[in-house]
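First up is the structure itself, then whatever we jot down about it.
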Amino acid sequence: MLVRDVAYGQVPRATRSEKHRRAAEWIEGLGRPDDHAELLAHHYTQALELSRAAGVEDDPILVERTRVSLRVAGERALALFAYGAAAEFLADALALSSPDDRERPRLLVARARALTPLAGSGIDLLLEALDAFRAVGDAEGIAEAATLAA
């Protein structure tokens with residue numbers, strides 16, 4: 001493992017980033033995305049982090065793929081009752097979403113769902129989601145967020 005870690009550290013960050021990105025794209029091509037959700041999230045997150053560490057300007061496609069893979073991994077973990085992992089994946093996805101992102105309110109609700117069993121209410125997330133759902137007139141989203149908040 002030491003030799004592997006040293007060899008990995010010798011590869012320039014930008015090159016490592018591209019290798020992680022290509023690995024994720026290859027994994028996506030295998031099909032059954034739910035089965036590979038955590039692996040995709042890992043590779044896309046590594047690709048984005050290494051790219052940023054190398055001083056490369058963010059590629060919007062890479063940021064979007066990373067956010068989507070983190071959301072899918074969070075939803076998968078939530079479905080498997082792995083609340084801690086779900087909360088982390090969804091927090092990372094939220095960090096990559098902008099305040100005007102159409103998916104942000106759904107991410108907020110999903111993260112609140114993950115936090116509730118962990119003794120964290122997530123009420124602040126639900127209130128933010130409620131405001132966003134109201135702003136776009138999403139009645140279903142308002143109902144879901146309000147029900148969870150109650």
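Ordering of the structure tokens sets the chain letters (A, B, ...), residue numbers begin anew at 1 in every chain, and ligands are numbered from 1 in the order given.
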**Report entry** Residues near Ala91 in chain A, cut-off 9 Å, only C-alpha atoms, skip fewer than 2 positions along chain, as a list of chain:residue names
**Finding:**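 Result of the neighbour search: A:Leu70, A:Gly74, A:Ala86, A:Ala87, A:Glu88, A:Phe89, A:Ala93, A:Leu94, A:Ala95, A:Leu96, A:Leu107, A:Leu108, A:Arg111.
The protein and nucleic acid residues lying at most 10 Å from range 136-150 of chain A are Arg102, Pro105, Arg106, Leu108, Val109, Ala110, Ala112, Arg113, Thr116, Ser121, Gly122, Ile123, Asp124, Leu125, Leu126, Leu127, Glu128, Ala129, Leu130 and Asp131 of chain A, with only C-alpha atoms considered and sequence neighbours fewer than 5 positions away removed.
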Query - Of the listed residues A:Tyr8, A:Val72, A:Val3, A:Ala14, that which approaches Glu57 in chain A most closely, counting only C-alpha atoms - result: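 Among A:Tyr8, A:Val72, A:Val3, A:Ala14, it is A:Ala14 that comes nearest to Glu57 in chain A.
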**Report entry** chain A: residues DSSP assigns to alpha helix (DSSP H), reported as JSON, numbers by chain
**Finding:** {"A": [2, 3, 4, 5, 6, 7, 8, 9, 10, 13, 14, 15, 16, 17, 18, 19, 20, 21, 22, 23, 24, 25, 26, 27, 28, 37, 38, 39, 40, 41, 42, 43, 44, 45, 46, 47, 48, 49, 50, 51, 52, 53, 60, 61, 62, 63, 64, 65, 66, 67, 68, 69, 70, 71, 72, 73, 74, 75, 76, 77, 78, 79, 83, 84, 85, 86, 87, 88, 89, 90, 91, 92, 93, 94, 95, 104, 105, 106, 107, 108, 109, 110, 111, 112, 113, 114, 115, 123, 124, 125, 126, 127, 128, 129, 130, 131, 132, 133, 134, 135, 136, 139, 140, 141, 142, 143, 144, 145, 146, 147, 148, 149]}
Query raised in the report: Contacts of Ser17 in chain A at 12 Å or less, counting only C-alpha atoms, minus same-chain residues fewer than 2 places along, as a VMD selection string?
Result: chain A and resid 8 11 to 15 19 to 24 42 to 56 58 to 59 62
Selection above as a file: C-alpha atoms, as a PDB file, in the first residue's frame:
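Resulting contents of out27.pdb:
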```
ATOM      1  CA  TYR A   8      -0.078   7.767  -6.835  1.00  0.00           C
ATOM      2  CA  VAL A  11       1.283  11.591 -10.679  1.00  0.00           C
ATOM      3  CA  PRO A  12       0.466  15.295 -11.220  1.00  0.00           C
ATOM      4  CA  ARG A  13      -2.900  16.370  -9.808  1.00  0.00           C
ATOM      5  CA  ALA A  14      -4.332  17.396 -13.162  1.00  0.00           C
ATOM      6  CA  THR A  15      -3.474  13.975 -14.591  1.00  0.00           C
ATOM      7  CA  LYS A  19      -7.917   9.601 -14.680  1.00  0.00           C
ATOM      8  CA  HIS A  20     -10.634   9.748 -12.009  1.00  0.00           C
ATOM      9  CA  ARG A  21     -12.962  11.435 -14.479  1.00  0.00           C
ATOM     10  CA  ARG A  22     -12.335   8.779 -17.124  1.00  0.00           C
ATOM     11  CA  ALA A  23     -12.817   6.016 -14.551  1.00  0.00           C
ATOM     12  CA  ALA A  24     -16.180   7.507 -13.574  1.00  0.00           C
ATOM     13  CA  HIS A  42     -16.018   8.941  -5.192  1.00  0.00           C
ATOM     14  CA  HIS A  43     -14.393   9.234  -8.619  1.00  0.00           C
ATOM     15  CA  TYR A  44     -16.199  12.412  -9.645  1.00  0.00           C
ATOM     16  CA  THR A  45     -15.478  14.027  -6.263  1.00  0.00           C
ATOM     17  CA  GLN A  46     -11.799  13.108  -6.534  1.00  0.00           C
ATOM     18  CA  ALA A  47     -11.666  14.429 -10.087  1.00  0.00           C
ATOM     19  CA  LEU A  48     -13.169  17.763  -9.022  1.00  0.00           C
ATOM     20  CA  GLU A  49     -11.016  18.111  -5.896  1.00  0.00           C
ATOM     21  CA  LEU A  50      -7.795  17.269  -7.747  1.00  0.00           C
ATOM     22  CA  SER A  51      -8.698  19.610 -10.580  1.00  0.00           C
ATOM     23  CA  ARG A  52      -9.252  22.438  -8.109  1.00  0.00           C
ATOM     24  CA  ALA A  53      -6.027  21.596  -6.250  1.00  0.00           C
ATOM     25  CA  ALA A  54      -4.158  21.779  -9.564  1.00  0.00           C
ATOM     26  CA  GLY A  55      -5.516  25.287 -10.080  1.00  0.00           C
ATOM     27  CA  VAL A  56      -7.646  24.332 -13.064  1.00  0.00           C
ATOM     28  CA  ASP A  58     -13.960  24.405 -12.750  1.00  0.00           C
ATOM     29  CA  ASP A  59     -15.442  22.564 -15.699  1.00  0.00           C
ATOM     30  CA  LEU A  62     -17.592  17.988 -14.172  1.00  0.00           C
TER      31      LEU A  62
END
```
Requested in this report: Work out how far apart CA of Ser69 in chain A and CA of Ala41 in chain A are and give it in Å to one decimal.
Outcome: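 The value is 4.9 Å.
Using only C-alpha atoms, the smallest distance between any of A:Val63, A:Leu78, A:Ala135, A:Val68 and Leu40 in chain A comes from A:Val68.
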**Report entry** One-decimal distance in Å that lies between CA of Glu28 in chain A and CA of Pro60 in chain A
**Finding:**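 It comes out at 18.2 Å.
What separates CA of Arg32 in chain A from CA of Leu90 in chain A is a distance of 20.5 Å.
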